[in-house]
Every structure is written in structure tokens, then in C-alpha cells.
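Shown next: data18.cif, containing mmCIF, C-alpha atoms.
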data_work
loop_
_atom_site.label_atom_id
_atom_site.label_comp_id
_atom_site.auth_asym_id
_atom_site.auth_seq_id
_atom_site.Cartn_x
_atom_site.Cartn_y
_atom_site.Cartn_z
CA MET H 1 10.71 -128.54 -21.67
CA SER H 2 9.42 -131.40 -19.51
CA ILE H 3 6.76 -133.22 -21.54
CA ILE H 4 3.67 -134.35 -19.61
CA THR H 5 2.85 -137.85 -20.86
CA ARG H 6 0.26 -138.65 -18.19
CA ALA H 7 -0.89 -136.47 -15.30
CA LEU H 8 -2.32 -137.40 -11.94
CA VAL H 9 -4.37 -134.79 -10.07
CA THR H 10 -5.22 -135.23 -6.39
CA GLY H 11 -8.43 -133.51 -5.31
CA ALA H 12 -9.52 -133.94 -8.92
CA ASN H 13 -13.21 -133.46 -8.18
CA GLY H 14 -12.65 -130.22 -6.27
CA PHE H 15 -12.99 -126.67 -7.58
CA ILE H 16 -9.47 -126.09 -8.89
CA GLY H 17 -8.79 -129.80 -9.45
CA SER H 18 -11.72 -130.31 -11.82
CA ASN H 19 -10.75 -127.23 -13.82
CA LEU H 20 -7.16 -128.42 -14.02
CA CYS H 21 -8.30 -131.85 -15.24
CA ALA H 22 -10.38 -130.20 -17.96
CA ALA H 23 -7.42 -128.03 -19.02
CA LEU H 24 -5.06 -131.01 -19.14
CA LEU H 25 -7.50 -132.95 -21.31
CA ARG H 26 -7.88 -129.97 -23.65
CA HIS H 27 -4.11 -130.10 -24.09
CA GLY H 28 -4.42 -133.77 -25.09
CA ILE H 29 -2.85 -135.04 -21.87
CA ALA H 30 -4.11 -138.33 -20.43
CA THR H 31 -5.32 -137.51 -16.93
CA ARG H 32 -5.90 -139.61 -13.85
CA GLY H 33 -7.87 -138.16 -10.95
CA LEU H 34 -7.29 -139.29 -7.37
CA ILE H 35 -10.33 -138.67 -5.16
CA LEU H 36 -11.45 -139.59 -1.65
CA PRO H 37 -13.42 -142.85 -1.62
CA GLY H 38 -17.17 -142.27 -1.63
CA THR H 39 -17.04 -138.76 -3.10
CA ASP H 40 -18.78 -137.81 -6.33
CA ALA H 41 -16.70 -138.29 -9.47
CA LYS H 42 -19.42 -138.16 -12.14
CA GLU H 43 -18.43 -134.76 -13.54
CA ILE H 44 -14.74 -135.50 -13.97
CA ALA H 45 -15.42 -139.03 -15.24
CA ALA H 46 -17.67 -137.52 -17.91
CA LEU H 47 -14.74 -135.36 -19.02
CA GLY H 48 -12.66 -138.45 -19.65
CA VAL H 49 -10.65 -138.51 -16.44
CA GLU H 50 -9.50 -141.93 -15.24
CA VAL H 51 -10.76 -141.99 -11.64
CA VAL H 52 -8.83 -143.64 -8.80
CA GLU H 53 -10.10 -143.67 -5.21
CA ALA H 54 -7.63 -143.36 -2.34
CA ASP H 55 -7.31 -141.73 1.08
CA ILE H 56 -4.19 -139.58 1.08
CA THR H 57 -4.02 -139.58 4.89
CA LYS H 58 -2.82 -143.19 4.63
CA PRO H 59 0.20 -144.64 2.80
CA LEU H 60 -0.68 -144.88 -0.88
CA ASP H 61 -0.18 -147.78 -3.26
CA ALA H 62 2.31 -146.67 -5.90
CA ALA H 63 0.35 -148.75 -8.41
CA GLY H 64 -2.20 -145.93 -8.58
CA PHE H 65 0.60 -143.68 -9.89
CA THR H 66 1.96 -146.13 -12.47
CA GLY H 67 2.73 -144.51 -15.81
CA VAL H 68 2.30 -140.99 -14.43
CA SER H 69 4.97 -138.47 -15.39
CA HIS H 70 3.60 -135.43 -13.51
CA VAL H 71 1.66 -135.25 -10.25
CA PHE H 72 -0.44 -132.20 -9.41
CA HIS H 73 -1.19 -132.27 -5.68
CA LEU H 74 -4.27 -130.17 -4.89
CA ALA H 75 -6.11 -132.24 -2.26
CA ALA H 76 -6.28 -130.27 0.99
CA ILE H 77 -8.53 -128.89 3.70
CA PRO H 78 -9.01 -125.24 2.58
CA LEU H 79 -10.94 -124.05 5.64
CA ASP H 80 -9.91 -121.51 8.25
CA TRP H 81 -11.68 -123.16 11.20
CA SER H 82 -11.13 -126.84 11.98
CA PRO H 83 -9.01 -128.84 14.46
CA LEU H 84 -5.27 -128.70 13.82
CA GLU H 85 -5.18 -132.50 13.78
CA LEU H 86 -7.39 -132.59 10.68
CA PHE H 87 -5.12 -130.17 8.82
CA MET H 88 -2.06 -132.17 9.88
CA HIS H 89 -3.54 -135.44 8.64
CA VAL H 90 -4.70 -134.10 5.27
CA ASN H 91 -2.54 -131.12 4.34
CA PHE H 92 0.78 -132.22 5.85
CA GLN H 93 0.81 -136.01 6.14
CA GLY H 94 -1.28 -136.28 2.98
CA THR H 95 1.37 -134.41 0.98
CA GLN H 96 4.08 -136.71 2.30
CA ASN H 97 2.08 -139.78 1.30
CA VAL H 98 1.37 -138.48 -2.21
CA LEU H 99 5.02 -137.50 -2.73
CA ASP H 100 6.25 -140.92 -1.56
CA ALA H 101 3.90 -142.70 -3.96
CA ALA H 102 4.90 -140.39 -6.83
CA VAL H 103 8.60 -141.07 -6.26
CA ALA H 104 8.06 -144.82 -5.86
CA ALA H 105 6.15 -144.94 -9.16
CA GLY H 106 8.83 -143.03 -11.05
CA ALA H 107 7.06 -139.71 -11.63
CA VAL H 108 9.43 -136.96 -12.70
CA HIS H 109 7.69 -133.78 -11.46
CA PHE H 110 5.60 -132.96 -8.38
CA VAL H 111 3.54 -129.75 -8.59
CA HIS H 112 2.13 -128.68 -5.23
CA MET H 113 -0.73 -126.24 -4.71
CA SER H 114 0.17 -124.00 -1.79
CA SER H 115 -1.30 -120.62 -0.81
CA LEU H 116 -0.40 -116.98 -0.26
CA ALA H 117 -1.64 -117.64 3.27
CA VAL H 118 1.86 -118.88 4.05
CA HIS H 119 2.55 -115.14 4.51
CA PRO H 120 1.14 -113.22 7.49
CA TYR H 121 -1.56 -110.90 6.18
CA THR H 122 0.11 -107.76 7.50
CA GLY H 123 0.04 -105.81 4.25
CA TYR H 124 2.13 -106.14 1.07
CA SER H 125 2.40 -103.60 -1.74
CA ASN H 126 4.71 -105.72 -3.91
CA GLY H 127 5.08 -109.20 -2.44
CA ASP H 128 6.76 -111.99 -4.37
CA GLU H 129 8.01 -115.56 -3.99
CA ASN H 130 10.81 -114.42 -1.66
CA THR H 131 8.54 -112.60 0.78
CA PRO H 132 9.13 -114.12 4.25
CA ARG H 133 6.54 -116.71 5.19
CA GLY H 134 5.65 -118.55 8.39
CA TRP H 135 2.12 -117.49 9.39
CA LYS H 136 0.60 -119.58 12.20
CA ILE H 137 -2.84 -118.06 12.78
CA ASN H 138 -4.74 -121.34 12.21
CA GLY H 139 -4.31 -124.95 11.14
CA TYR H 140 -4.47 -124.05 7.48
CA THR H 141 -1.58 -121.57 7.56
CA ILE H 142 0.47 -123.77 9.90
CA THR H 143 0.24 -126.83 7.67
CA LYS H 144 0.73 -124.93 4.41
CA ASN H 145 4.02 -123.63 5.81
CA LEU H 146 5.06 -126.99 7.23
CA THR H 147 4.33 -128.59 3.85
CA GLU H 148 6.46 -126.07 1.96
CA ASP H 149 9.29 -126.67 4.46
CA PHE H 150 8.95 -130.42 3.92
CA LEU H 151 9.01 -130.10 0.14
CA GLN H 152 12.16 -127.99 0.23
CA ASN H 153 13.83 -130.86 2.07
CA GLN H 154 12.64 -133.33 -0.58
CA ARG H 155 13.70 -131.45 -3.71
CA GLU H 156 16.56 -133.86 -4.45
CA ARG H 157 14.15 -136.82 -4.69
CA ILE H 158 12.00 -135.41 -7.50
CA MET H 159 11.50 -132.16 -9.41
CA ILE H 160 9.24 -130.02 -7.22
CA THR H 161 7.32 -126.85 -8.09
CA VAL H 162 5.20 -124.91 -5.59
CA ILE H 163 2.23 -122.85 -6.80
CA ARG H 164 0.68 -119.98 -4.87
CA PRO H 165 -2.50 -118.62 -6.49
CA GLY H 166 -3.97 -115.19 -5.88
CA ILE H 167 -5.72 -114.36 -2.62
CA MET H 168 -9.11 -115.41 -4.03
CA PRO H 169 -9.30 -118.03 -6.78
CA TYR H 170 -12.74 -117.91 -8.42
CA GLY H 171 -14.59 -119.28 -11.41
CA PRO H 172 -16.86 -122.14 -12.54
CA GLY H 173 -16.88 -124.92 -9.98
CA ASP H 174 -16.42 -122.63 -6.97
CA ARG H 175 -18.93 -123.75 -4.36
CA LEU H 176 -17.04 -122.34 -1.37
CA SER H 177 -16.26 -118.62 -1.68
CA MET H 178 -18.45 -116.98 -4.31
CA PRO H 179 -21.81 -118.48 -3.22
CA GLY H 180 -21.37 -117.00 0.26
CA ILE H 181 -20.42 -113.60 -1.14
CA LEU H 182 -23.38 -113.66 -3.53
CA ASP H 183 -25.75 -114.61 -0.73
CA ALA H 184 -24.52 -111.74 1.45
CA ILE H 185 -24.87 -109.26 -1.45
CA THR H 186 -28.35 -110.54 -2.32
CA ARG H 187 -29.51 -110.27 1.30
CA GLY H 188 -27.99 -106.81 1.61
CA ILE H 189 -25.84 -107.76 4.60
CA TYR H 190 -22.39 -107.52 3.00
CA ARG H 191 -20.29 -104.77 4.55
CA HIS H 192 -16.90 -103.62 3.35
CA VAL H 193 -14.12 -103.53 5.92
CA GLY H 194 -12.21 -100.26 6.01
CA GLY H 195 -14.16 -98.99 3.03
CA GLY H 196 -12.98 -101.84 0.79
CA LYS H 197 -9.96 -99.75 -0.17
CA THR H 198 -7.22 -102.32 0.34
CA ARG H 199 -5.83 -103.93 -2.80
CA MET H 200 -5.28 -107.62 -3.50
CA CYS H 201 -4.79 -110.12 -6.31
CA VAL H 202 -7.27 -112.69 -7.60
CA SER H 203 -6.92 -115.75 -9.85
CA TYR H 204 -9.47 -116.85 -12.42
CA VAL H 205 -9.40 -120.64 -12.22
CA GLY H 206 -8.88 -121.11 -15.96
CA ASN H 207 -5.83 -118.83 -15.92
CA LEU H 208 -4.56 -120.66 -12.86
CA ALA H 209 -4.96 -124.11 -14.45
CA ASN H 210 -3.11 -123.05 -17.58
CA GLY H 211 -0.34 -121.56 -15.44
CA MET H 212 0.02 -124.81 -13.53
CA ILE H 213 0.45 -126.74 -16.77
CA LEU H 214 3.17 -124.31 -17.84
CA ALA H 215 4.86 -124.72 -14.45
CA ALA H 216 4.77 -128.51 -14.76
CA GLN H 217 6.69 -128.35 -18.03
CA ARG H 218 9.44 -126.08 -16.77
CA GLU H 219 13.07 -127.03 -16.39
CA GLY H 220 15.54 -125.64 -13.89
CA ALA H 221 15.98 -125.94 -10.15
CA SER H 222 13.76 -128.15 -8.04
CA GLY H 223 11.83 -126.46 -5.25
CA GLU H 224 10.99 -123.20 -7.04
CA ALA H 225 7.76 -121.37 -6.11
CA TYR H 226 5.57 -119.36 -8.48
CA ILE H 227 2.74 -116.91 -7.82
CA LEU H 228 -0.04 -117.24 -10.40
CA ALA H 229 -2.32 -114.21 -10.01
CA ASP H 230 -4.28 -111.92 -12.32
CA GLU H 231 -5.34 -108.29 -11.85
CA ILE H 232 -4.56 -106.14 -8.84
CA ILE H 233 -7.86 -104.68 -7.62
CA THR H 234 -9.44 -103.28 -4.48
CA TRP H 235 -12.00 -105.27 -2.54
CA ARG H 236 -14.60 -102.66 -3.47
CA GLU H 237 -13.78 -103.06 -7.17
CA LEU H 238 -14.14 -106.82 -6.80
CA LEU H 239 -17.52 -106.58 -5.07
CA ASP H 240 -18.77 -103.93 -7.50
CA THR H 241 -17.87 -106.21 -10.42
CA ILE H 242 -19.58 -109.22 -8.83
CA ALA H 243 -22.71 -107.20 -8.10
CA ASP H 244 -22.83 -105.74 -11.62
CA VAL H 245 -22.31 -109.07 -13.43
CA PHE H 246 -24.84 -110.89 -11.25
CA GLY H 247 -27.36 -108.05 -11.39
CA LYS H 248 -27.28 -107.13 -7.70
CA PRO H 249 -27.01 -103.77 -5.94
CA ALA H 250 -23.38 -102.98 -5.11
CA PRO H 251 -22.63 -103.12 -1.35
CA GLN H 252 -22.24 -99.67 0.19
CA GLY H 253 -21.90 -100.09 3.94
CA SER H 254 -18.56 -100.34 5.71
CA ILE H 255 -17.22 -101.06 9.18
CA PRO H 256 -13.82 -100.07 10.62
CA PHE H 257 -11.11 -102.75 10.54
CA ALA H 258 -10.53 -102.54 14.30
CA LEU H 259 -14.22 -103.18 15.04
CA ALA H 260 -14.38 -106.13 12.66
CA PHE H 261 -11.19 -107.67 14.07
CA THR H 262 -12.43 -107.28 17.65
CA ALA H 263 -15.69 -109.00 16.71
CA ALA H 264 -13.71 -111.85 15.15
CA VAL H 265 -11.63 -112.30 18.32
CA VAL H 266 -14.78 -112.39 20.45
CA MET H 267 -16.47 -114.94 18.18
CA GLU H 268 -13.42 -117.20 18.07
CA THR H 269 -13.17 -117.07 21.86
CA VAL H 270 -16.84 -117.96 22.33
CA TRP H 271 -16.58 -120.86 19.86
CA ARG H 272 -13.55 -122.26 21.71
CA VAL H 273 -14.70 -121.77 25.29
CA LEU H 274 -18.25 -123.08 25.07
CA PRO H 275 -17.43 -124.78 22.59
CA LEU H 276 -19.92 -124.29 19.77
CA LYS H 277 -20.43 -126.39 16.68
CA GLY H 278 -19.95 -125.06 13.18
CA VAL H 279 -17.83 -122.10 12.13
CA PRO H 280 -17.78 -118.55 13.55
CA MET H 281 -19.30 -115.93 11.26
CA LEU H 282 -16.04 -113.97 11.54
CA THR H 283 -12.49 -115.17 12.17
CA ARG H 284 -9.22 -113.27 12.54
CA TYR H 285 -7.98 -114.93 9.35
CA ARG H 286 -10.90 -113.58 7.30
CA ILE H 287 -10.69 -110.08 8.72
CA ASP H 288 -6.91 -109.97 8.25
CA LEU H 289 -7.64 -110.10 4.51
CA PHE H 290 -8.53 -106.41 4.90
CA ARG H 291 -5.71 -105.35 7.24
CA GLY H 292 -3.63 -103.92 4.39
CA ASP H 293 -2.84 -104.42 0.73
CA LEU H 294 -2.26 -108.05 -0.32
CA VAL H 295 -0.54 -107.39 -3.61
CA PHE H 296 1.71 -110.18 -4.85
CA SER H 297 3.51 -110.11 -8.19
CA SER H 298 3.44 -112.79 -10.91
CA VAL H 299 6.45 -111.27 -12.68
CA LYS H 300 8.56 -114.38 -12.04
CA ALA H 301 5.91 -116.68 -13.54
CA LYS H 302 5.48 -114.40 -16.55
CA ARG H 303 9.23 -114.24 -17.12
CA GLU H 304 10.16 -117.87 -16.51
CA LEU H 305 6.98 -119.75 -17.48
CA GLY H 306 5.42 -117.47 -20.07
CA TYR H 307 2.38 -117.10 -17.79
CA ALA H 308 -0.12 -114.75 -19.44
CA PRO H 309 -3.56 -114.73 -17.78
CA ALA H 310 -6.00 -114.30 -20.67
CA VAL H 311 -9.36 -114.04 -18.89
CA THR H 312 -10.11 -110.70 -17.21
CA LEU H 313 -12.04 -110.26 -13.98
CA ARG H 314 -15.27 -109.24 -15.71
CA GLU H 315 -14.99 -112.05 -18.26
CA GLY H 316 -14.26 -114.53 -15.49
CA MET H 317 -17.26 -113.40 -13.48
CA LYS H 318 -19.51 -113.77 -16.53
CA LEU H 319 -18.27 -117.34 -17.05
CA THR H 320 -18.84 -118.03 -13.36
CA ARG H 321 -22.39 -116.70 -13.58
CA GLU H 322 -23.11 -118.89 -16.62
CA TRP H 323 -21.92 -121.96 -14.73
CA TYR H 324 -23.99 -121.09 -11.65
CA LEU H 325 -27.08 -120.74 -13.84
CA LYS H 326 -26.48 -124.14 -15.46
CA GLN H 327 -25.99 -125.73 -12.05
CA GLY H 328 -29.13 -124.14 -10.63
CA ILE H 329 -27.14 -122.41 -7.92
CA ILE H 330 -28.69 -119.11 -8.99
CA SER H 331 -31.65 -118.20 -11.20
CA GLU H 332 -32.21 -115.41 -13.71
#

Turn this file's structure into C-alpha cells for me.
Amino acid sequence: MSIITRALVTGANGFIGSNLCAALLRHGIATRGLILPGTDAKEIAALGVEVVEADITKPLDAAGFTGVSHVFHLAAIPLDWSPLELFMHVNFQGTQNVLDAAVAAGAVHFVHMSSLAVHPYTGYSNGDENTPRGWKINGYTITKNLTEDFLQNQRERIMITVIRPGIMPYGPGDRLSMPGILDAITRGIYRHVGGGKTRMCVSYVGNLANGMILAAQREGASGEAYILADEIITWRELLDTIADVFGKPAPQGSIPFALAFTAAVVMETVWRVLPLKGVPMLTRYRIDLFRGDLVFSSVKAKRELGYAPAVTLREGMKLTREWYLKQGIISE
């Protein structure tokens, strides 16, 4: 087992990063958080995280990584609609800069947060780490694939592990996905696509963080990838659970996949041609989530890492609701 003596987490004040920092500290591991200069670090500093400011799009001073045994690289642009150049600077070049600094400082293990979006969302009933990847629908998928390619070419320099969470990570700290879903449910405008019958895998952030710590302590070949996902559920089951836990009426309406995808193509075209500011309400990437089943197995992680997600979907949603109430994001 590779012992973590000191961890460094990039994107430490983000959704998954802050939860990972908290999990590392609970394990008694000294934790350093690398964040973008000028961003809020009060919450992670209060946990006991040593905060370091740096811009990963520029070469990094290895001094910020001194004494670190394991680097968890989570900093990234997680959007599906932004210029390719931004994704290249942050997701691709940023990973190279963090890896270079980690190697220069003598770190022994580099754990990289990737995504199941490296795979084209064409439908998978039993996907795994060997499922062919290479999706290029937007800057996010392009750079996530380029980054995994790069890391495979660097696996002799340092121990590398790639993590791919479930299709939708959720939990306390999520200010990106769940608030939008809750708003649409509350306003009664959420519509299932194709009846919400397609299946997919989710990741409660606490389960994911614990799985990443297990992955960081593994031995074996450099460059291995692991899927860390929880239950396999349908989109309708997910939305019904959210609605029930948050005390909202469950969405009932549905639109055909073909109609939704056509609308997404039209919106993307309008946004590009005019061009318009902001983000289209629908994109091909978002609608492709419903094209077919997105079921990916965590059997490898369970077998090789001892990954055992303890928090169920309903329990995770209850913990998420409690956090939203404390933050004032929702009210009773």
C-alpha cells in the first residue's frame, strides 16, 4: 500500500475537491489545497486545509508541492459550452503543468479526475474502463480525452491513476447540477426525455472521495483507470427520488429524444451564428445523456481497490438537502 503522507488537491475549493479535502483530513492526512488566486478559500481553510494560490494554466513553482506524496488533480472547466481554447488552457495544459510540478517536487502518485464523457454517449449496458473512448462533441470531451492520452504517455515519470466518476456526481457542495434540476422541478418545467427510461450511474460525492483515497494508495501498474460509481438507476427514478426527498411533485411530462436533440442542434446553431452570449438552454451533449443507457461498472474498483460505496441514493439526497438548507440555497 502506498501511504499518503501529505496530499495536494487542485481545485480544492470546488464541489468534489472540497469534499475530498474533508475526507483526507478525516483520515488524518495533512492536506494542501491549490486554488485559483482570488477565489474563496474560507470553507476549506476552516477545515484545516493549507491553502496555496496558483494558476495552473501557467508553469507552476514546484515549491508549492514540496513535501507532497500524492497529488489529486481535480481543477478543470466542467462546462459543456465554452471556447475550445479555454478548455485547452485549463483542462489540458493545466494538467501538464500540475504533473510537471508534482514530478519536480518528488511526489510519488498523481491521481487525475477524468470523466465518463471520454466515451461517446451512444448507449452502454455494461461499460467499463476498457470501453473505447474518444468523444469530440465539445471542448470538454476533447480535452478530457487529450489529457488521458497525455497521461498514458507520462506513466513512466510517476505513478498515475485515472478516476472516472458516475455520469452525475452529486452531494453537499454541488452548486452546478442539482440546483438547476431542483429549480426546474419546483417551477414545473422539467420534462423527461424519452420517458426517463434510460439507465445510468451516479456517484455520491462522499463515496467518490473515499474511492479516490483508496485509489491513491494502490500499488501496481501506472496509468490504470477506475470507474467509481454507485447505483444503476433510470433517470425517472433519479428525478422521483430528488422530488420526494426535497418535497416536490415528481415530474411527469416527457418529450421524444429526437425532438429534444433537434431543438439542441437548433439552439447551438443560433448561439454560434449570431453569436449569443451565455449558454444554450439545450445542447447536444446534455440531450445525448438520454440517447441510451449509460451504465458503467465499478467491478474493477471493487475488486482491486476495495471500493464499497456506503451511502445510498436516498441517503445521499437527504444529506444534500441538509447542506442546501444550511447554505440557504433552499428553504423549508

Top pick for closest residue to Met159 in chain H, considering H:Val103, H:Ile181, H:Val265, H:Leu274 and counting all atoms listed in the file: H:Val103

Given the PyMOL selection byres ((chain H and resi 95-99) around 10), the residues it picks as a PyMOL selection string: chain H and resi 10+55-62+65+71-76+88-94+100-105+107+109-112+147-148+150-151+154+157-158+160

Could those selected residues go to a file with C-alpha atoms, as an mmCIF file, in the coordinates of the input?
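Output file result.cif is given in full below:
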data_model
loop_
_atom_site.group_PDB
_atom_site.id
_atom_site.type_symbol
_atom_site.label_atom_id
_atom_site.label_comp_id
_atom_site.auth_asym_id
_atom_site.auth_seq_id
_atom_site.Cartn_x
_atom_site.Cartn_y
_atom_site.Cartn_z
ATOM 1 C CA THR H 10 -5.220 -135.230 -6.390
ATOM 2 C CA ASP H 55 -7.310 -141.730 1.080
ATOM 3 C CA ILE H 56 -4.190 -139.580 1.080
ATOM 4 C CA THR H 57 -4.020 -139.580 4.890
ATOM 5 C CA LYS H 58 -2.820 -143.190 4.630
ATOM 6 C CA PRO H 59 0.200 -144.640 2.800
ATOM 7 C CA LEU H 60 -0.680 -144.880 -0.880
ATOM 8 C CA ASP H 61 -0.180 -147.780 -3.260
ATOM 9 C CA ALA H 62 2.310 -146.670 -5.900
ATOM 10 C CA PHE H 65 0.600 -143.680 -9.890
ATOM 11 C CA VAL H 71 1.660 -135.250 -10.250
ATOM 12 C CA PHE H 72 -0.440 -132.200 -9.410
ATOM 13 C CA HIS H 73 -1.190 -132.270 -5.680
ATOM 14 C CA LEU H 74 -4.270 -130.170 -4.890
ATOM 15 C CA ALA H 75 -6.110 -132.240 -2.260
ATOM 16 C CA ALA H 76 -6.280 -130.270 0.990
ATOM 17 C CA MET H 88 -2.060 -132.170 9.880
ATOM 18 C CA HIS H 89 -3.540 -135.440 8.640
ATOM 19 C CA VAL H 90 -4.700 -134.100 5.270
ATOM 20 C CA ASN H 91 -2.540 -131.120 4.340
ATOM 21 C CA PHE H 92 0.780 -132.220 5.850
ATOM 22 C CA GLN H 93 0.810 -136.010 6.140
ATOM 23 C CA GLY H 94 -1.280 -136.280 2.980
ATOM 24 C CA ASP H 100 6.250 -140.920 -1.560
ATOM 25 C CA ALA H 101 3.900 -142.700 -3.960
ATOM 26 C CA ALA H 102 4.900 -140.390 -6.830
ATOM 27 C CA VAL H 103 8.600 -141.070 -6.260
ATOM 28 C CA ALA H 104 8.060 -144.820 -5.860
ATOM 29 C CA ALA H 105 6.150 -144.940 -9.160
ATOM 30 C CA ALA H 107 7.060 -139.710 -11.630
ATOM 31 C CA HIS H 109 7.690 -133.780 -11.460
ATOM 32 C CA PHE H 110 5.600 -132.960 -8.380
ATOM 33 C CA VAL H 111 3.540 -129.750 -8.590
ATOM 34 C CA HIS H 112 2.130 -128.680 -5.230
ATOM 35 C CA THR H 147 4.330 -128.590 3.850
ATOM 36 C CA GLU H 148 6.460 -126.070 1.960
ATOM 37 C CA PHE H 150 8.950 -130.420 3.920
ATOM 38 C CA LEU H 151 9.010 -130.100 0.140
ATOM 39 C CA GLN H 154 12.640 -133.330 -0.580
ATOM 40 C CA ARG H 157 14.150 -136.820 -4.690
ATOM 41 C CA ILE H 158 12.000 -135.410 -7.500
ATOM 42 C CA ILE H 160 9.240 -130.020 -7.220
#

All residues 8 Å or closer to Leu313 in chain H, all atoms listed in the file, same chain fewer than 2 positions away omitted, as a PyMOL selection string: chain H and resi 204+231+241+311+315-317

Output of the PyMOL selection byres ((chain H and resi 49) around 8), listed as a list of chain:residue names: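 Evaluating the PyMOL selection byres ((chain H and resi 49) around 8) on this file yields H:Cys21, H:Ala30, H:Thr31, H:Arg32, H:Gly33, H:Ile44, H:Ala45, H:Ala46, H:Leu47, H:Gly48, H:Glu50, H:Val51.
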
Pick from H:Asn19, H:Ser203, H:Asn13, H:Thr186, whichever lies nearest to Ile330 in chain H using only C-alpha atoms: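 Result for the nearest residue to Ile330 in chain H: H:Thr186.
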
Selection result for the PyMOL selection byres ((chain H and resi 215) around 10) on this file, as a list in words: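 So the PyMOL selection byres ((chain H and resi 215) around 10), applied here, picks out Ser2, His109, Val111, Ile160, Thr161, Val162, Ile163, Ala209, Asn210, Gly211, Met212, Ile213, Leu214, Ala216, Gln217, Arg218, Glu219, Glu224, Ala225, Tyr226, Leu228, Ala301, Glu304, Leu305, Gly306 and Tyr307 of chain H.
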